[in-house]
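Chemist: So that you have it, the file is model-v8.pdb, and it contains PDB, C-alpha atoms and all ligand atoms:
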MODEL        1
ATOM      1  CA  MET R 176       0.000   0.000   0.000  1.00  0.00           C
ATOM      2  CA  SER R 177       1.112   3.566  -0.591  1.00  0.00           C
ATOM      3  CA  LEU R 178       1.092   6.660   1.590  1.00  0.00           C
ATOM      4  CA  VAL R 179      -1.966   7.911  -0.293  1.00  0.00           C
ATOM      5  CA  GLU R 180      -3.831   4.588  -0.087  1.00  0.00           C
ATOM      6  CA  LEU R 181      -3.188   4.477   3.670  1.00  0.00           C
ATOM      7  CA  ARG R 182      -4.377   8.097   4.019  1.00  0.00           C
ATOM      8  CA  LEU R 183      -1.093   9.053   5.687  1.00  0.00           C
ATOM      9  CA  ARG R 184      -0.122  12.697   5.492  1.00  0.00           C
ATOM     10  CA  ALA R 185       2.932  13.397   3.365  1.00  0.00           C
ATOM     11  CA  ALA R 186       5.679  15.458   5.014  1.00  0.00           C
ATOM     12  CA  THR R 187       6.165  19.075   4.043  1.00  0.00           C
ATOM     13  CA  THR R 188       9.472  20.855   4.519  1.00  0.00           C
ATOM     14  CA  ALA R 189       8.050  23.971   6.187  1.00  0.00           C
ATOM     15  CA  PRO R 190       7.948  23.903  10.004  1.00  0.00           C
ATOM     16  CA  ILE R 191       4.511  23.369  11.551  1.00  0.00           C
ATOM     17  CA  ALA R 192       3.222  24.311  15.006  1.00  0.00           C
ATOM     18  CA  CYS R 193       4.115  21.994  17.886  1.00  0.00           C
ATOM     19  CA  LYS R 194       1.082  19.974  18.957  1.00  0.00           C
ATOM     20  CA  ILE R 195       1.832  20.892  22.570  1.00  0.00           C
ATOM     21  CA  CYS R 196       3.157  24.464  22.704  1.00  0.00           C
ATOM     22  CA  ASP R 197       2.764  25.814  19.137  1.00  0.00           C
ATOM     23  CA  GLY R 198       6.558  26.240  18.859  1.00  0.00           C
ATOM     24  CA  PRO R 199       8.097  25.930  15.388  1.00  0.00           C
ATOM     25  CA  SER R 200       8.625  22.261  14.590  1.00  0.00           C
ATOM     26  CA  ALA R 201      10.844  21.455  11.637  1.00  0.00           C
ATOM     27  CA  LEU R 202      11.302  17.983  10.204  1.00  0.00           C
ATOM     28  CA  TYR R 203      13.663  16.043  12.493  1.00  0.00           C
ATOM     29  CA  GLY R 204      14.034  12.547  11.070  1.00  0.00           C
ATOM     30  CA  VAL R 205      12.364   9.670   9.313  1.00  0.00           C
ATOM     31  CA  THR R 206      11.717   6.011   9.974  1.00  0.00           C
ATOM     32  CA  ASP R 207       9.763   3.196   8.364  1.00  0.00           C
ATOM     33  CA  LEU R 208       6.072   2.669   9.169  1.00  0.00           C
ATOM     34  CA  ASN R 209       6.912  -0.898  10.227  1.00  0.00           C
ATOM     35  CA  ARG R 210       9.701   0.027  12.627  1.00  0.00           C
ATOM     36  CA  PRO R 211       8.819  -1.444  16.055  1.00  0.00           C
ATOM     37  CA  CYS R 212      10.233  -0.199  19.368  1.00  0.00           C
ATOM     38  CA  ASP R 213      12.195  -3.354  20.068  1.00  0.00           C
ATOM     39  CA  ILE R 214      13.969  -4.218  16.852  1.00  0.00           C
ATOM     40  CA  GLY R 215      15.432  -7.254  18.607  1.00  0.00           C
ATOM     41  CA  LEU R 216      12.022  -8.876  18.382  1.00  0.00           C
ATOM     42  CA  LYS R 217      11.024 -10.607  15.183  1.00  0.00           C
ATOM     43  CA  ALA R 218      11.347  -7.404  13.156  1.00  0.00           C
ATOM     44  CA  PRO R 219       8.750  -7.052  10.431  1.00  0.00           C
ATOM     45  CA  ALA R 220       9.762  -6.430   6.834  1.00  0.00           C
ATOM     46  CA  LEU R 221      10.131  -2.764   6.053  1.00  0.00           C
ATOM     47  CA  SER R 222       7.070  -1.271   4.402  1.00  0.00           C
ATOM     48  CA  GLY R 223       8.846   1.302   2.262  1.00  0.00           C
ATOM     49  CA  ILE R 224       6.479   3.903   3.692  1.00  0.00           C
ATOM     50  CA  PRO R 225       8.387   6.772   5.344  1.00  0.00           C
ATOM     51  CA  ILE R 226       7.071   8.324   8.553  1.00  0.00           C
ATOM     52  CA  TYR R 227       8.620  11.701   9.203  1.00  0.00           C
ATOM     53  CA  TYR R 228       8.840  13.074  12.738  1.00  0.00           C
ATOM     54  CA  ARG R 229       9.215  16.705  13.739  1.00  0.00           C
ATOM     55  CA  ARG R 230      10.774  18.199  16.841  1.00  0.00           C
ATOM     56  CA  CYS R 231       9.662  21.378  18.548  1.00  0.00           C
ATOM     57  CA  ALA R 232      12.420  23.969  18.937  1.00  0.00           C
ATOM     58  CA  ALA R 233      10.780  25.263  22.128  1.00  0.00           C
ATOM     59  CA  CYS R 234       9.727  22.209  24.193  1.00  0.00           C
ATOM     60  CA  GLY R 235      11.562  19.373  22.433  1.00  0.00           C
ATOM     61  CA  PHE R 236       8.392  17.363  21.764  1.00  0.00           C
ATOM     62  CA  LEU R 237       8.983  14.815  18.979  1.00  0.00           C
ATOM     63  CA  PHE R 238       5.923  13.958  16.926  1.00  0.00           C
ATOM     64  CA  THR R 239       4.589  13.033  13.530  1.00  0.00           C
ATOM     65  CA  ASP R 240       1.551  14.439  11.778  1.00  0.00           C
ATOM     66  CA  ALA R 241       1.492  11.506   9.338  1.00  0.00           C
ATOM     67  CA  PHE R 242      -1.463   9.870  11.140  1.00  0.00           C
ATOM     68  CA  ASP R 243      -3.427  13.041  11.780  1.00  0.00           C
ATOM     69  CA  ASP R 244      -6.141  12.220   9.231  1.00  0.00           C
ATOM     70  CA  TRP R 245      -6.742   8.705  10.592  1.00  0.00           C
ATOM     71  CA  GLU R 246      -9.945   7.536  12.233  1.00  0.00           C
ATOM     72  CA  ILE R 247      -9.831   5.061  15.129  1.00  0.00           C
ATOM     73  CA  SER R 248     -10.790   2.329  12.639  1.00  0.00           C
ATOM     74  CA  GLU R 249      -7.600   2.983  10.668  1.00  0.00           C
ATOM     75  CA  PHE R 250      -5.429   2.774  13.797  1.00  0.00           C
ATOM     76  CA  LYS R 251      -7.132  -0.527  14.581  1.00  0.00           C
ATOM     77  CA  ALA R 252      -6.639  -1.852  11.054  1.00  0.00           C
ATOM     78  CA  HIS R 253      -2.989  -0.887  10.607  1.00  0.00           C
ATOM     79  CA  ILE R 254      -1.436  -0.546  14.085  1.00  0.00           C
ATOM     80  CA  TYR R 255      -3.564  -2.113  16.844  1.00  0.00           C
ATOM     81  CA  ASN R 256      -4.337  -5.215  14.817  1.00  0.00           C
ATOM     82  CA  ASP R 257      -3.713  -8.935  15.377  1.00  0.00           C
ATOM     83  CA  GLU R 258       0.033  -8.526  14.839  1.00  0.00           C
ATOM     84  CA  TYR R 259       0.341  -5.709  17.386  1.00  0.00           C
ATOM     85  CA  LEU R 260       0.915  -8.051  20.336  1.00  0.00           C
ATOM     86  CA  ALA R 261       4.033  -9.420  18.678  1.00  0.00           C
ATOM     87  CA  TYR R 262       5.571  -5.945  18.910  1.00  0.00           C
ATOM     88  CA  ASP R 263       4.295  -5.155  22.404  1.00  0.00           C
ATOM     89  CA  PRO R 264       4.639  -8.501  24.185  1.00  0.00           C
ATOM     90  CA  GLU R 265       4.272  -6.978  27.672  1.00  0.00           C
ATOM     91  CA  TYR R 266       0.851  -5.502  26.881  1.00  0.00           C
ATOM     92  CA  GLU R 267      -1.254  -8.489  27.956  1.00  0.00           C
ATOM     93  CA  THR R 268       0.202  -9.636  31.256  1.00  0.00           C
ATOM     94  CA  LYS R 269       3.612  -8.418  32.354  1.00  0.00           C
ATOM     95  CA  ARG R 270       3.004  -4.659  32.250  1.00  0.00           C
ATOM     96  CA  PRO R 271      -0.434  -4.644  33.954  1.00  0.00           C
ATOM     97  CA  SER R 272       0.826  -7.052  36.642  1.00  0.00           C
ATOM     98  CA  ASN R 273       3.867  -4.909  37.356  1.00  0.00           C
ATOM     99  CA  ASN R 274       1.746  -1.774  37.404  1.00  0.00           C
ATOM    100  CA  ALA R 275      -0.740  -3.372  39.810  1.00  0.00           C
ATOM    101  CA  THR R 276       2.103  -4.232  42.172  1.00  0.00           C
ATOM    102  CA  TRP R 277       3.313  -0.646  42.029  1.00  0.00           C
ATOM    103  CA  VAL R 278      -0.084   0.965  42.590  1.00  0.00           C
ATOM    104  CA  THR R 279      -0.829  -1.432  45.450  1.00  0.00           C
ATOM    105  CA  LYS R 280       2.488  -0.603  47.099  1.00  0.00           C
ATOM    106  CA  ILE R 281       2.011   3.157  46.876  1.00  0.00           C
ATOM    107  CA  TRP R 282      -1.743   3.449  47.566  1.00  0.00           C
ATOM    108  CA  SER R 283      -2.304   0.475  49.847  1.00  0.00           C
ATOM    109  CA  ALA R 284      -3.045   2.669  52.881  1.00  0.00           C
ATOM    110  CA  HIS R 285      -5.798   4.458  50.949  1.00  0.00           C
ATOM    111  CA  LYS R 286      -7.296   1.551  49.043  1.00  0.00           C
ATOM    112  CA  ALA R 287     -10.598   1.653  50.920  1.00  0.00           C
ATOM    113  CA  ASN R 288     -11.137   5.269  49.845  1.00  0.00           C
ATOM    114  CA  VAL R 289      -9.665   5.303  46.361  1.00  0.00           C
ATOM    115  CA  ARG R 290     -11.991   5.511  43.401  1.00  0.00           C
ATOM    116  CA  LEU R 291      -9.644   4.436  40.614  1.00  0.00           C
ATOM    117  CA  LEU R 292     -10.076   4.619  36.856  1.00  0.00           C
ATOM    118  CA  ASP R 293      -7.550   2.925  34.615  1.00  0.00           C
ATOM    119  CA  TYR R 294      -7.624   4.936  31.413  1.00  0.00           C
ATOM    120  CA  GLY R 295      -6.492   3.126  28.275  1.00  0.00           C
ATOM    121  CA  GLY R 296      -6.286   0.041  30.462  1.00  0.00           C
ATOM    122  CA  GLY R 297      -6.624  -2.570  27.719  1.00  0.00           C
ATOM    123  CA  ASN R 298      -7.654  -5.919  29.160  1.00  0.00           C
ATOM    124  CA  ASP R 299      -8.702  -5.015  32.754  1.00  0.00           C
ATOM    125  CA  LEU R 300      -5.942  -7.128  34.334  1.00  0.00           C
ATOM    126  CA  LEU R 301      -4.627  -4.127  36.290  1.00  0.00           C
ATOM    127  CA  CYS R 302      -8.040  -3.376  37.806  1.00  0.00           C
ATOM    128  CA  THR R 303      -8.893  -7.036  38.411  1.00  0.00           C
ATOM    129  CA  THR R 304      -5.661  -7.348  40.377  1.00  0.00           C
ATOM    130  CA  LEU R 305      -6.287  -4.122  42.308  1.00  0.00           C
ATOM    131  CA  ARG R 306      -9.813  -5.202  43.255  1.00  0.00           C
ATOM    132  CA  ALA R 307      -8.425  -8.545  44.419  1.00  0.00           C
ATOM    133  CA  ASN R 308      -5.875  -6.579  46.465  1.00  0.00           C
ATOM    134  CA  GLY R 309      -8.684  -4.749  48.289  1.00  0.00           C
ATOM    135  CA  PHE R 310      -9.150  -1.590  46.237  1.00  0.00           C
ATOM    136  CA  LYS R 311     -12.757  -0.535  46.706  1.00  0.00           C
ATOM    137  CA  GLU R 312     -13.328   0.607  43.165  1.00  0.00           C
ATOM    138  CA  ALA R 313     -11.112   0.086  40.116  1.00  0.00           C
ATOM    139  CA  ILE R 314     -12.626   0.473  36.666  1.00  0.00           C
ATOM    140  CA  THR R 315     -11.047   0.029  33.238  1.00  0.00           C
ATOM    141  CA  TYR R 316     -11.933   2.448  30.466  1.00  0.00           C
ATOM    142  CA  ASP R 317     -10.373   1.994  27.045  1.00  0.00           C
ATOM    143  CA  PRO R 318     -12.073   3.485  23.991  1.00  0.00           C
ATOM    144  CA  MET R 319      -9.985   1.136  21.795  1.00  0.00           C
ATOM    145  CA  VAL R 320     -11.209  -2.066  23.473  1.00  0.00           C
ATOM    146  CA  PRO R 321     -14.919  -2.833  22.857  1.00  0.00           C
ATOM    147  CA  GLU R 322     -15.460  -4.643  26.214  1.00  0.00           C
ATOM    148  CA  HIS R 323     -14.252  -1.585  28.128  1.00  0.00           C
ATOM    149  CA  ALA R 324     -15.310   1.240  25.835  1.00  0.00           C
ATOM    150  CA  LEU R 325     -18.330   2.286  27.886  1.00  0.00           C
ATOM    151  CA  GLN R 326     -17.609   5.741  29.278  1.00  0.00           C
ATOM    152  CA  PRO R 327     -17.650   5.679  33.087  1.00  0.00           C
ATOM    153  CA  THR R 328     -19.682   8.188  35.063  1.00  0.00           C
ATOM    154  CA  GLY R 329     -18.510  10.571  37.737  1.00  0.00           C
ATOM    155  CA  LYS R 330     -15.071  11.637  38.861  1.00  0.00           C
ATOM    156  CA  PHE R 331     -12.189   9.562  40.182  1.00  0.00           C
ATOM    157  CA  ASN R 332      -9.588  10.547  42.740  1.00  0.00           C
ATOM    158  CA  LEU R 333      -6.935   8.317  41.188  1.00  0.00           C
ATOM    159  CA  ILE R 334      -6.591   7.798  37.455  1.00  0.00           C
ATOM    160  CA  THR R 335      -3.923   5.501  36.145  1.00  0.00           C
ATOM    161  CA  CYS R 336      -2.842   5.814  32.551  1.00  0.00           C
ATOM    162  CA  PHE R 337       0.042   3.587  31.560  1.00  0.00           C
ATOM    163  CA  GLU R 338       1.820   3.776  28.204  1.00  0.00           C
ATOM    164  CA  THR R 339      -0.903   5.810  26.560  1.00  0.00           C
ATOM    165  CA  LEU R 340       0.278   9.385  25.965  1.00  0.00           C
ATOM    166  CA  GLU R 341       2.931   8.362  23.431  1.00  0.00           C
ATOM    167  CA  HIS R 342       0.156   6.789  21.326  1.00  0.00           C
ATOM    168  CA  LEU R 343      -1.979   9.906  21.048  1.00  0.00           C
ATOM    169  CA  PRO R 344      -2.066  11.732  17.698  1.00  0.00           C
ATOM    170  CA  ASP R 345      -3.509  14.754  19.525  1.00  0.00           C
ATOM    171  CA  PRO R 346      -2.057  14.679  23.060  1.00  0.00           C
ATOM    172  CA  ILE R 347      -3.737  17.897  24.206  1.00  0.00           C
ATOM    173  CA  GLU R 348      -7.148  16.538  23.260  1.00  0.00           C
ATOM    174  CA  GLY R 349      -6.265  13.163  24.798  1.00  0.00           C
ATOM    175  CA  ILE R 350      -5.108  14.660  28.082  1.00  0.00           C
ATOM    176  CA  GLY R 351      -8.292  16.758  28.077  1.00  0.00           C
ATOM    177  CA  LYS R 352     -10.337  13.540  28.003  1.00  0.00           C
ATOM    178  CA  ILE R 353      -8.400  12.148  30.954  1.00  0.00           C
ATOM    179  CA  VAL R 354      -8.720  15.402  32.906  1.00  0.00           C
ATOM    180  CA  GLU R 355     -12.533  15.242  32.642  1.00  0.00           C
ATOM    181  CA  PHE R 356     -12.511  12.239  34.980  1.00  0.00           C
ATOM    182  CA  VAL R 357     -10.165  13.656  37.627  1.00  0.00           C
ATOM    183  CA  ASP R 358     -11.740  14.699  40.898  1.00  0.00           C
ATOM    184  CA  ASP R 359     -10.269  17.662  42.756  1.00  0.00           C
ATOM    185  CA  PRO R 360      -8.410  16.767  44.894  1.00  0.00           C
ATOM    186  CA  GLY R 361      -7.188  13.874  42.818  1.00  0.00           C
ATOM    187  CA  ALA R 362      -4.282  12.784  40.651  1.00  0.00           C
ATOM    188  CA  VAL R 363      -3.264  10.989  37.487  1.00  0.00           C
ATOM    189  CA  LEU R 364      -0.506   8.405  37.775  1.00  0.00           C
ATOM    190  CA  TYR R 365       0.775   7.961  34.248  1.00  0.00           C
ATOM    191  CA  SER R 366       3.705   6.526  32.386  1.00  0.00           C
ATOM    192  CA  THR R 367       5.402   7.571  29.206  1.00  0.00           C
ATOM    193  CA  LEU R 368       9.137   7.505  28.684  1.00  0.00           C
ATOM    194  CA  ILE R 369      10.653  10.948  28.252  1.00  0.00           C
ATOM    195  CA  GLN R 370      13.551  11.617  25.903  1.00  0.00           C
ATOM    196  CA  PRO R 371      16.937  10.843  27.461  1.00  0.00           C
ATOM    197  CA  ASP R 372      19.575  13.534  27.995  1.00  0.00           C
ATOM    198  CA  ASP R 373      21.547  12.231  25.031  1.00  0.00           C
ATOM    199  CA  PHE R 374      18.538  12.148  22.727  1.00  0.00           C
ATOM    200  CA  ASN R 375      20.330  14.273  20.149  1.00  0.00           C
ATOM    201  CA  GLN R 376      23.018  11.598  19.804  1.00  0.00           C
ATOM    202  CA  LYS R 377      20.456   8.797  19.509  1.00  0.00           C
ATOM    203  CA  GLY R 378      17.940  10.664  17.373  1.00  0.00           C
ATOM    204  CA  MET R 379      15.520   8.501  15.423  1.00  0.00           C
ATOM    205  CA  SER R 380      17.407   5.348  16.416  1.00  0.00           C
ATOM    206  CA  TRP R 381      16.256   5.732  20.045  1.00  0.00           C
ATOM    207  CA  TRP R 382      14.273   2.555  20.721  1.00  0.00           C
ATOM    208  CA  TYR R 383      11.110   4.275  21.960  1.00  0.00           C
ATOM    209  CA  VAL R 384      10.435   5.891  18.566  1.00  0.00           C
ATOM    210  CA  GLY R 385       8.404   3.198  16.820  1.00  0.00           C
ATOM    211  CA  PRO R 386       5.446   3.827  14.533  1.00  0.00           C
ATOM    212  CA  ARG R 387       4.653   0.082  14.411  1.00  0.00           C
ATOM    213  CA  ASN R 388       4.059   0.269  18.159  1.00  0.00           C
ATOM    214  CA  GLY R 389       1.984   3.403  17.743  1.00  0.00           C
ATOM    215  CA  HIS R 390       4.648   5.549  19.440  1.00  0.00           C
ATOM    216  CA  ILE R 391       3.984   8.790  17.637  1.00  0.00           C
ATOM    217  CA  SER R 392       4.223  11.407  20.446  1.00  0.00           C
ATOM    218  CA  ILE R 393       7.515  11.426  22.319  1.00  0.00           C
ATOM    219  CA  PHE R 394       7.673  13.826  25.253  1.00  0.00           C
ATOM    220  CA  THR R 395      10.290  15.794  27.143  1.00  0.00           C
ATOM    221  CA  LYS R 396       9.738  17.008  30.718  1.00  0.00           C
ATOM    222  CA  GLU R 397       9.064  20.471  29.279  1.00  0.00           C
ATOM    223  CA  ALA R 398       6.460  19.084  26.870  1.00  0.00           C
ATOM    224  CA  LEU R 399       4.698  17.175  29.683  1.00  0.00           C
ATOM    225  CA  ALA R 400       4.624  20.292  31.858  1.00  0.00           C
ATOM    226  CA  ALA R 401       3.237  22.386  28.994  1.00  0.00           C
ATOM    227  CA  ALA R 402       0.609  19.784  28.039  1.00  0.00           C
ATOM    228  CA  TRP R 403      -0.779  19.262  31.565  1.00  0.00           C
ATOM    229  CA  GLY R 404      -0.381  22.981  32.264  1.00  0.00           C
ATOM    230  CA  LYS R 405      -3.050  23.728  29.657  1.00  0.00           C
ATOM    231  CA  TYR R 406      -5.538  22.215  32.106  1.00  0.00           C
ATOM    232  CA  GLY R 407      -4.082  23.811  35.223  1.00  0.00           C
ATOM    233  CA  PHE R 408      -2.302  20.577  36.225  1.00  0.00           C
ATOM    234  CA  ARG R 409       1.226  20.286  37.533  1.00  0.00           C
ATOM    235  CA  THR R 410       3.268  17.180  36.855  1.00  0.00           C
ATOM    236  CA  ALA R 411       6.004  15.578  38.952  1.00  0.00           C
ATOM    237  CA  SER R 412       8.149  12.594  37.981  1.00  0.00           C
ATOM    238  CA  PHE R 413       9.086   9.509  39.995  1.00  0.00           C
ATOM    239  CA  ASN R 414      11.582   8.654  37.239  1.00  0.00           C
ATOM    240  CA  ASP R 415      11.919   9.069  33.438  1.00  0.00           C
ATOM    241  CA  ASN R 416       8.882   6.859  32.870  1.00  0.00           C
ATOM    242  CA  LEU R 417       6.454   7.316  35.762  1.00  0.00           C
ATOM    243  CA  HIS R 418       4.784  10.616  36.558  1.00  0.00           C
ATOM    244  CA  LEU R 419       1.990  12.120  38.636  1.00  0.00           C
ATOM    245  CA  ALA R 420      -0.190  15.000  37.398  1.00  0.00           C
ATOM    246  CA  PHE R 421      -2.597  16.858  39.658  1.00  0.00           C
ATOM    247  CA  ARG R 422      -4.330  20.143  40.416  1.00  0.00           C
ATOM    248  CA  THR R 423      -4.676  19.481  44.118  1.00  0.00           C
ATOM    249  CA  LEU R 424      -3.095  16.416  45.633  1.00  0.00           C
ATOM    250  CA  PRO R 425      -5.195  14.769  48.351  1.00  0.00           C
ATOM    251  CA  GLU R 426      -3.777  15.851  51.721  1.00  0.00           C
ATOM    252  CA  SER R 427      -3.105  12.305  52.900  1.00  0.00           C
ATOM    253  CA  TRP R 428      -1.050  11.418  49.769  1.00  0.00           C
ATOM    254  CA  ARG R 429       1.349  14.318  50.047  1.00  0.00           C
ATOM    255  CA  MET R 430       4.166  12.481  51.742  1.00  0.00           C
ATOM    256  CA  GLN R 431       4.524  10.223  48.728  1.00  0.00           C
ATOM    257  CA  VAL R 432       5.590  12.705  46.086  1.00  0.00           C
ATOM    258  CA  LYS R 433       8.333  15.168  46.561  1.00  0.00           C
TER     259      LYS R 433
HETATM  260 ZN    ZN U   1       6.576  22.435  21.742  1.00  0.00          ZN
ENDMDL
END
Could you write out this structure as structure tokens?
Modeler:
Amino acid sequence: MSLVELRLRAATTAPIACKICDGPSALYGVTDLNRPCDIGLKAPALSGIPIYYRRCAACGFLFTDAFDDWEISEFKAHIYNDEYLAYDPEYETKRPSNNATWVTKIWSAHKANVRLLDYGGGNDLLCTTLRANGFKEAITYDPMVPEHALQPTGKFNLITCFETLEHLPDPIEGIGKIVEFVDDPGAVLYSTLIQPDDFNQKGMSWWYVGPRNGHISIFTKEALAAAWGKYGFRTASFNDNLHLAFRTLPESWRMQVK
């Protein structure tokens, strides 16, 4: 299939506005549509379809507009299809189990009072585990998964959102959807790997840049702060991958983030 047949946007040489901060974003580099994150896995044959990424001169956000005309059905057909699991082998079990262990460890003292929504939670394993661990309420919502696509009602004081932001073609809109569910006080525990300090040396060969995995929005700390800041949220990081965004942090949780 060709770029045109796939309804992918062709790259233009003129800078465009950063999707996060409107800063000038020139073309930065190019990779193949079939490039997965972990090229050590059974790497798929190259497609011959170039996906150009841009980088914002102001906030460092790395993104592509190639998929900006796609509907959800096209993401499902070409990215989140039957072959997707081969390129994201931790999606089904390992990642949700690890995340459940983490959330249980951090929020165990509050589990009777936490109303938790796992946003983009895929198969519900995270929430099933949390409920088994004594969390009063843990609900999975994932617009991409039919069994969990029913929009939940009300607000939640803890939203978890693992490995989702890097998949969003419009991160500001996507974060806006998450924010709608956050109670105040309340917080969003989310993961997305930010660019390493030596990103300029690694460039497009950095493993996390992978269109086949749907990794199309690659953040910096500055880009995360700007994106959440649009909704009056601050964001703090536990490490390069795990972050907490909030307007007002519940009083009793304050000892846990510095
Ligand atoms: Zn920017």
Chemist: Can I get the residues of chain R within 12 Å of ligand ZN 1 (chain U), each with the closest pair of atoms and their distance in Å to one decimal, using only C-alpha atoms and all ligand atoms, sorted chain first then ascending number, as a tab-separated table?
Modeler:
residue	atom	partner	partner_atom	distance
R:Pro190	CA	U:ZN1	ZN	11.9
R:Ile191	CA	U:ZN1	ZN	10.4
R:Ala192	CA	U:ZN1	ZN	7.8
R:Cys193	CA	U:ZN1	ZN	4.6
R:Lys194	CA	U:ZN1	ZN	6.6
R:Ile195	CA	U:ZN1	ZN	5.1
R:Cys196	CA	U:ZN1	ZN	4.1
R:Asp197	CA	U:ZN1	ZN	5.7
R:Gly198	CA	U:ZN1	ZN	4.8
R:Pro199	CA	U:ZN1	ZN	7.4
R:Ser200	CA	U:ZN1	ZN	7.4
R:Ala201	CA	U:ZN1	ZN	11.0
R:Arg229	CA	U:ZN1	ZN	10.2
R:Arg230	CA	U:ZN1	ZN	7.7
R:Cys231	CA	U:ZN1	ZN	4.6
R:Ala232	CA	U:ZN1	ZN	6.7
R:Ala233	CA	U:ZN1	ZN	5.1
R:Cys234	CA	U:ZN1	ZN	4.0
R:Gly235	CA	U:ZN1	ZN	5.9
R:Phe236	CA	U:ZN1	ZN	5.4
R:Leu237	CA	U:ZN1	ZN	8.5
R:Phe238	CA	U:ZN1	ZN	9.8
R:Pro346	CA	U:ZN1	ZN	11.7
R:Ile347	CA	U:ZN1	ZN	11.5
R:Ser392	CA	U:ZN1	ZN	11.4
R:Ile393	CA	U:ZN1	ZN	11.1
R:Phe394	CA	U:ZN1	ZN	9.4
R:Thr395	CA	U:ZN1	ZN	9.3
R:Lys396	CA	U:ZN1	ZN	11.0
R:Glu397	CA	U:ZN1	ZN	8.2
R:Ala398	CA	U:ZN1	ZN	6.1
R:Leu399	CA	U:ZN1	ZN	9.7
R:Ala400	CA	U:ZN1	ZN	10.5
R:Ala401	CA	U:ZN1	ZN	8.0
R:Ala402	CA	U:ZN1	ZN	9.1
Chemist: Determine the residue membership of the PyMOL selection byres (((chain R and resi 343) around 10) and not hetatm) for the file above and supply it as a PyMOL selection string.
Modeler: chain R and resi 238+242-243+339-342+344-350+389-393
Chemist: Convert the current residue selection to file output with C-alpha atoms, as an mmCIF file, in the frame of the given file.
Modeler:
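selection_22.cif, freshly written:
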data_model
loop_
_atom_site.group_PDB
_atom_site.id
_atom_site.type_symbol
_atom_site.label_atom_id
_atom_site.label_comp_id
_atom_site.auth_asym_id
_atom_site.auth_seq_id
_atom_site.Cartn_x
_atom_site.Cartn_y
_atom_site.Cartn_z
ATOM 1 C CA PHE R 238 5.923 13.958 16.926
ATOM 2 C CA PHE R 242 -1.463 9.870 11.140
ATOM 3 C CA ASP R 243 -3.427 13.041 11.780
ATOM 4 C CA THR R 339 -0.903 5.810 26.560
ATOM 5 C CA LEU R 340 0.278 9.385 25.965
ATOM 6 C CA GLU R 341 2.931 8.362 23.431
ATOM 7 C CA HIS R 342 0.156 6.789 21.326
ATOM 8 C CA PRO R 344 -2.066 11.732 17.698
ATOM 9 C CA ASP R 345 -3.509 14.754 19.525
ATOM 10 C CA PRO R 346 -2.057 14.679 23.060
ATOM 11 C CA ILE R 347 -3.737 17.897 24.206
ATOM 12 C CA GLU R 348 -7.148 16.538 23.260
ATOM 13 C CA GLY R 349 -6.265 13.163 24.798
ATOM 14 C CA ILE R 350 -5.108 14.660 28.082
ATOM 15 C CA GLY R 389 1.984 3.403 17.743
ATOM 16 C CA HIS R 390 4.648 5.549 19.440
ATOM 17 C CA ILE R 391 3.984 8.790 17.637
ATOM 18 C CA SER R 392 4.223 11.407 20.446
ATOM 19 C CA ILE R 393 7.515 11.426 22.319
#
Chemist: Would you list the residues near (-9.8, 5.6, 25.8) (no more than 7 Å away, in the coordinates of the file, using only C-alpha atoms) as a PyMOL selection string?
Modeler: chain R and resi 294-295+316-319
Chemist: Name the residues that the PyMOL selection byres (((chain R and resi 211) around 7) and not hetatm) picks from the file above, as a PDB file with C-alpha atoms, in the frame of the given file, using the file's chain letters and numbers.
Modeler:
ATOM      1  CA  ASN R 209       6.912  -0.898  10.227  1.00  0.00           C
ATOM      2  CA  ARG R 210       9.701   0.027  12.627  1.00  0.00           C
ATOM      3  CA  CYS R 212      10.233  -0.199  19.368  1.00  0.00           C
ATOM      4  CA  ASP R 213      12.195  -3.354  20.068  1.00  0.00           C
ATOM      5  CA  ILE R 214      13.969  -4.218  16.852  1.00  0.00           C
ATOM      6  CA  TYR R 262       5.571  -5.945  18.910  1.00  0.00           C
ATOM      7  CA  GLY R 385       8.404   3.198  16.820  1.00  0.00           C
ATOM      8  CA  PRO R 386       5.446   3.827  14.533  1.00  0.00           C
ATOM      9  CA  ARG R 387       4.653   0.082  14.411  1.00  0.00           C
ATOM     10  CA  ASN R 388       4.059   0.269  18.159  1.00  0.00           C
TER      11      ASN R 388
END
Chemist: Please write the residues picked by the PyMOL selection byres (((chain R and resi 329-334) around 10) and not hetatm) on this file as a compact mmCIF listing (two decimals) with C-alpha atoms, keeping the file's coordinate frame.
Modeler:
# COMPACT_ATOMS: atom_id res chain seq x y z
CA TRP R 282 -1.74 3.45 47.57
CA ASN R 288 -11.14 5.27 49.84
CA VAL R 289 -9.66 5.30 46.36
CA ARG R 290 -11.99 5.51 43.40
CA LEU R 291 -9.64 4.44 40.61
CA LEU R 292 -10.08 4.62 36.86
CA ASP R 293 -7.55 2.92 34.62
CA TYR R 294 -7.62 4.94 31.41
CA GLU R 312 -13.33 0.61 43.16
CA ALA R 313 -11.11 0.09 40.12
CA ILE R 314 -12.63 0.47 36.67
CA THR R 315 -11.05 0.03 33.24
CA GLN R 326 -17.61 5.74 29.28
CA PRO R 327 -17.65 5.68 33.09
CA THR R 328 -19.68 8.19 35.06
CA THR R 335 -3.92 5.50 36.15
CA CYS R 336 -2.84 5.81 32.55
CA PHE R 337 0.04 3.59 31.56
CA ILE R 353 -8.40 12.15 30.95
CA VAL R 354 -8.72 15.40 32.91
CA GLU R 355 -12.53 15.24 32.64
CA PHE R 356 -12.51 12.24 34.98
CA VAL R 357 -10.16 13.66 37.63
CA ASP R 358 -11.74 14.70 40.90
CA ASP R 359 -10.27 17.66 42.76
CA PRO R 360 -8.41 16.77 44.89
CA GLY R 361 -7.19 13.87 42.82
CA ALA R 362 -4.28 12.78 40.65
CA VAL R 363 -3.26 10.99 37.49
CA LEU R 364 -0.51 8.40 37.78
CA TYR R 365 0.78 7.96 34.25
CA LEU R 419 1.99 12.12 38.64
CA ALA R 420 -0.19 15.00 37.40
CA PHE R 421 -2.60 16.86 39.66
CA LEU R 424 -3.10 16.42 45.63
CA PRO R 425 -5.20 14.77 48.35
